[in-house]
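Below is input_25.tsv, which holds TSV, C-alpha atoms and all ligand atoms.
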chain	number	residue	atom	x	y	z
A	1	MET	CA	-138.08	83.76	-70.74
A	2	HIS	CA	-137.37	86.03	-67.85
A	3	ALA	CA	-140.02	84.27	-65.77
A	4	THR	CA	-138.51	80.84	-66.48
A	5	THR	CA	-135.05	81.97	-65.40
A	6	HIS	CA	-136.53	83.42	-62.27
A	7	GLN	CA	-138.43	80.23	-61.54
A	8	ALA	CA	-135.35	78.12	-62.08
A	9	ARG	CA	-133.41	80.37	-59.77
A	10	SER	CA	-135.98	80.20	-57.00
A	11	LYS	CA	-136.25	76.43	-57.42
A	12	ARG	CA	-132.50	76.21	-56.99
A	13	ALA	CA	-132.69	78.48	-53.97
A	14	SER	CA	-135.35	76.38	-52.29
A	15	ARG	CA	-133.38	73.24	-52.99
A	16	PHE	CA	-130.43	74.89	-51.29
A	17	ILE	CA	-132.55	75.79	-48.29
A	18	GLY	CA	-133.85	72.22	-48.21
A	19	LEU	CA	-130.28	70.94	-48.09
A	20	GLY	CA	-129.52	73.29	-45.23
A	21	LEU	CA	-132.52	72.01	-43.31
A	22	ASN	CA	-131.50	68.40	-43.92
A	23	LEU	CA	-128.00	69.10	-42.67
A	24	GLY	CA	-129.40	70.88	-39.63
A	25	PHE	CA	-131.63	67.91	-38.98
A	26	ALA	CA	-128.72	65.46	-39.29
A	27	ILE	CA	-126.65	67.55	-36.89
A	28	ALA	CA	-129.56	67.69	-34.45
A	29	LEU	CA	-129.85	63.90	-34.64
A	30	LEU	CA	-126.16	63.51	-33.97
A	31	ALA	CA	-126.25	65.98	-31.11
A	32	PHE	CA	-129.31	64.57	-29.38
A	33	GLY	CA	-128.87	60.89	-30.20
A	34	GLY	CA	-131.21	58.58	-28.32
A	35	ALA	CA	-134.66	57.93	-29.69
A	36	ALA	CA	-134.37	60.68	-32.29
A	37	SER	CA	-131.56	58.83	-34.09
A	38	ALA	CA	-133.63	55.65	-34.56
A	39	GLN	CA	-133.83	56.19	-38.29
A	40	SER	CA	-130.12	56.66	-38.90
A	41	ALA	CA	-129.27	53.87	-36.48
A	42	GLU	CA	-131.42	51.69	-38.71
A	43	LYS	CA	-129.49	52.80	-41.81
A	44	GLY	CA	-126.27	52.42	-39.87
A	45	LYS	CA	-127.07	48.82	-39.12
A	46	GLU	CA	-127.41	48.20	-42.87
A	47	GLY	CA	-124.15	50.04	-43.53
A	48	TYR	CA	-122.38	48.09	-40.81
A	49	VAL	CA	-123.40	44.87	-42.52
A	50	LYS	CA	-122.83	46.13	-46.08
A	51	HIS	CA	-119.32	47.38	-45.36
A	52	GLY	CA	-118.34	44.18	-43.58
A	53	CYS	CA	-117.56	45.74	-40.19
A	54	TRP	CA	-119.38	42.79	-38.60
A	55	GLN	CA	-116.92	40.29	-40.02
A	56	CYS	CA	-114.21	41.50	-37.67
A	57	HIS	CA	-116.13	43.36	-34.96
A	58	GLY	CA	-119.23	41.13	-34.61
A	59	PHE	CA	-122.86	42.00	-35.43
A	60	GLN	CA	-123.34	43.80	-32.11
A	61	GLY	CA	-119.89	45.42	-32.22
A	62	GLN	CA	-118.99	43.04	-29.41
A	63	GLY	CA	-115.56	42.38	-30.87
A	64	SER	CA	-113.47	39.25	-30.80
A	65	ALA	CA	-110.08	38.56	-29.33
A	66	ILE	CA	-108.88	37.36	-32.73
A	67	THR	CA	-110.40	39.57	-35.43
A	68	GLY	CA	-111.11	43.04	-34.03
A	69	PRO	CA	-111.78	44.99	-30.82
A	70	LYS	CA	-115.18	45.74	-29.33
A	71	LEU	CA	-116.89	48.87	-30.73
A	72	ALA	CA	-120.09	48.89	-28.63
A	73	PRO	CA	-121.74	49.58	-26.25
A	74	ASP	CA	-120.37	53.08	-25.63
A	75	PRO	CA	-118.61	53.57	-28.97
A	76	LYS	CA	-115.76	56.04	-29.12
A	77	PRO	CA	-116.76	59.48	-30.50
A	78	LEU	CA	-117.61	59.82	-34.19
A	79	ALA	CA	-114.68	62.19	-34.73
A	80	PHE	CA	-112.26	59.58	-33.40
A	81	MET	CA	-113.80	56.91	-35.63
A	82	GLU	CA	-113.54	59.05	-38.70
A	83	VAL	CA	-109.86	59.83	-38.17
A	84	PHE	CA	-109.16	56.18	-37.40
A	85	LEU	CA	-111.06	54.76	-40.38
A	86	ARG	CA	-109.52	57.17	-42.88
A	87	ASN	CA	-105.93	56.74	-41.69
A	88	THR	CA	-105.44	53.30	-40.19
A	89	LYS	CA	-102.50	51.32	-41.52
A	90	GLY	CA	-102.77	48.31	-39.24
A	91	THR	CA	-104.64	45.05	-39.63
A	92	MET	CA	-107.88	46.86	-40.34
A	93	PRO	CA	-108.20	48.16	-43.90
A	94	PRO	CA	-108.70	51.94	-44.19
A	95	TYR	CA	-112.15	53.10	-45.34
A	96	TYR	CA	-111.76	56.23	-47.46
A	97	GLN	CA	-114.47	58.82	-48.11
A	98	HIS	CA	-115.33	57.39	-51.56
A	99	ILE	CA	-115.97	53.95	-50.04
A	100	LEU	CA	-117.74	55.05	-46.85
A	101	SER	CA	-119.17	58.57	-46.80
A	102	LYS	CA	-119.18	60.66	-43.66
A	103	GLN	CA	-122.97	60.33	-43.51
A	104	ASP	CA	-122.79	56.53	-43.74
A	105	LEU	CA	-120.18	56.50	-41.01
A	106	ALA	CA	-122.36	58.78	-38.85
A	107	ASP	CA	-125.21	56.29	-39.33
A	108	ILE	CA	-122.93	53.40	-38.36
A	109	HIS	CA	-121.90	55.37	-35.28
A	110	ALA	CA	-125.57	55.92	-34.43
A	111	TYR	CA	-126.16	52.19	-34.79
A	112	LEU	CA	-123.25	51.37	-32.47
A	113	ALA	CA	-124.48	53.99	-29.98
A	114	SER	CA	-127.95	52.42	-30.03
A	115	ILE	CA	-126.68	49.01	-28.88
A	116	PRO	CA	-127.74	48.59	-25.27
A	117	LYS	CA	-125.39	47.60	-22.49
A	118	GLY	CA	-125.76	44.10	-21.13
A	119	PRO	CA	-127.47	43.79	-17.74
A	120	ASP	CA	-125.46	44.44	-14.59
A	121	TYR	CA	-124.55	41.06	-13.07
A	122	LYS	CA	-125.93	42.36	-9.75
A	123	SER	CA	-129.40	42.29	-11.35
A	124	ILE	CA	-129.14	38.57	-12.18
A	125	PRO	CA	-130.16	36.51	-9.09
A	126	LEU	CA	-128.29	33.38	-10.18
A	127	LEU	CA	-125.01	35.28	-10.18
A	128	ASN	CA	-125.56	36.66	-6.70
A	129	GLN	CA	-126.04	33.57	-4.56
B	1	LIG	C1	-110.70	42.87	-41.73
B	1	LIG	C2	-111.19	43.10	-40.37
B	1	LIG	C3	-111.87	44.44	-40.06
B	1	LIG	C4	-112.90	45.06	-40.73
B	1	LIG	C5	-113.62	44.59	-41.98
B	1	LIG	C6	-113.19	46.26	-39.97
B	1	LIG	N1	-112.36	46.37	-38.91
B	1	LIG	FE1	-112.32	47.88	-37.54
B	1	LIG	N2	-110.67	47.07	-36.68
B	1	LIG	C7	-110.09	45.85	-37.01
B	1	LIG	C8	-108.90	45.63	-36.19
B	1	LIG	C9	-108.00	44.41	-36.25
B	1	LIG	C10	-108.78	46.77	-35.35
B	1	LIG	C11	-107.68	47.04	-34.31
B	1	LIG	C12	-106.68	48.01	-34.89
B	1	LIG	C13	-105.91	47.38	-36.01
B	1	LIG	O1	-105.22	46.37	-35.79
B	1	LIG	O2	-105.98	47.88	-37.15
B	1	LIG	C14	-109.91	47.65	-35.67
B	1	LIG	C15	-110.17	48.86	-35.06
B	1	LIG	C16	-111.30	49.62	-35.26
B	1	LIG	C17	-111.60	50.84	-34.53
B	1	LIG	C18	-110.76	51.45	-33.43
B	1	LIG	C19	-111.18	50.81	-32.14
B	1	LIG	C20	-110.51	51.43	-30.94
B	1	LIG	O3	-111.11	51.28	-29.86
B	1	LIG	O4	-109.42	52.01	-31.05
B	1	LIG	C21	-112.80	51.29	-35.00
B	1	LIG	C22	-113.56	52.52	-34.54
B	1	LIG	C23	-113.22	50.37	-36.05
B	1	LIG	N3	-112.27	49.37	-36.17
B	1	LIG	C24	-114.40	50.49	-36.77
B	1	LIG	C25	-114.70	49.74	-37.89
B	1	LIG	C26	-115.84	49.98	-38.74
B	1	LIG	C27	-116.89	51.06	-38.51
B	1	LIG	C28	-115.77	49.08	-39.76
B	1	LIG	C29	-116.66	48.96	-40.97
B	1	LIG	C30	-116.86	50.17	-41.75
B	1	LIG	C31	-114.60	48.24	-39.51
B	1	LIG	N4	-114.00	48.66	-38.37
B	1	LIG	C32	-114.20	47.17	-40.30
B	1	LIG	C33	-110.55	44.99	-37.98
B	1	LIG	C34	-111.53	45.27	-38.92
Mind converting the file's structure to structure tokens?
Amino acid sequence: MHATTHQARSKRASRFIGLGLNLGFAIALLAFGGAASAQSAEKGKEGYVKHGCWQCHGFQGQGSAITGPKLAPDPKPLAFMEVFLRNTKGTMPPYYQHILSKQDLADIHAYLASIPKGPDYKSIPLLNQ
């Protein structure tokens, strides 16, 4: 009996430590971005499609003059996005926490951050004649 309780307790403790490590890992991904965030950018792409962001902002976050502004390349910081998405009262519908979790939004941000810039026109010979 005593042993079982102890085991349960240590199982709980290790789960807690595991959670801490996962959070630390997620924060490291957010902080270092780039290649390390490939996995969450991948999830973010799914989230971006699932939550319909693409319908107004385009699949590449390129935006459209009619439906919604450009989000990428160079997305605004995650903190800005979160405040905007939770509070907006304009044309764009708000996305509350229960609809789009902070983690899902962080993944979407990673996806937007992973979208490369278009080439500089100076590197395209045809445009420099
Ligand atoms: C129904 C169309 C629509 C959908 C769906 C939509 N947006 Fe928007 N979004 C807009 C419009 C329009 C604006 C410009 C502000 C406004 O009028 O509300 C905007 C603004 C934003 C901004 C602020 C841009 C800036 O530079 O200030 C962010 C960030 C953003 N959207 C992210 C998202 C994300 C992420 C999703 C999906 C989870 C999403 N939007 C879904 C229409 C949409």
Computed interatomic separation between atom CA of Ile115 of chain A and atom CA of Gln60 of chain A (Å) =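 So the answer is 7.0 Å.
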Name each residue within 10 Å of ligand LIG 1 (chain B), counting only C-alpha atoms and all ligand atoms, as a PyMOL selection string.
-> chain A and resi 44+47-58+61+63-72+75-85+87-96+99-100+104-109+112
What separation in Å, quoted to one decimal, exists between atom CA of Ala41 of chain A and atom CA of Ser101 of chain A?
->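 We find that atom CA of Ala41 of chain A and atom CA of Ser101 of chain A lie 15.2 Å from each other.
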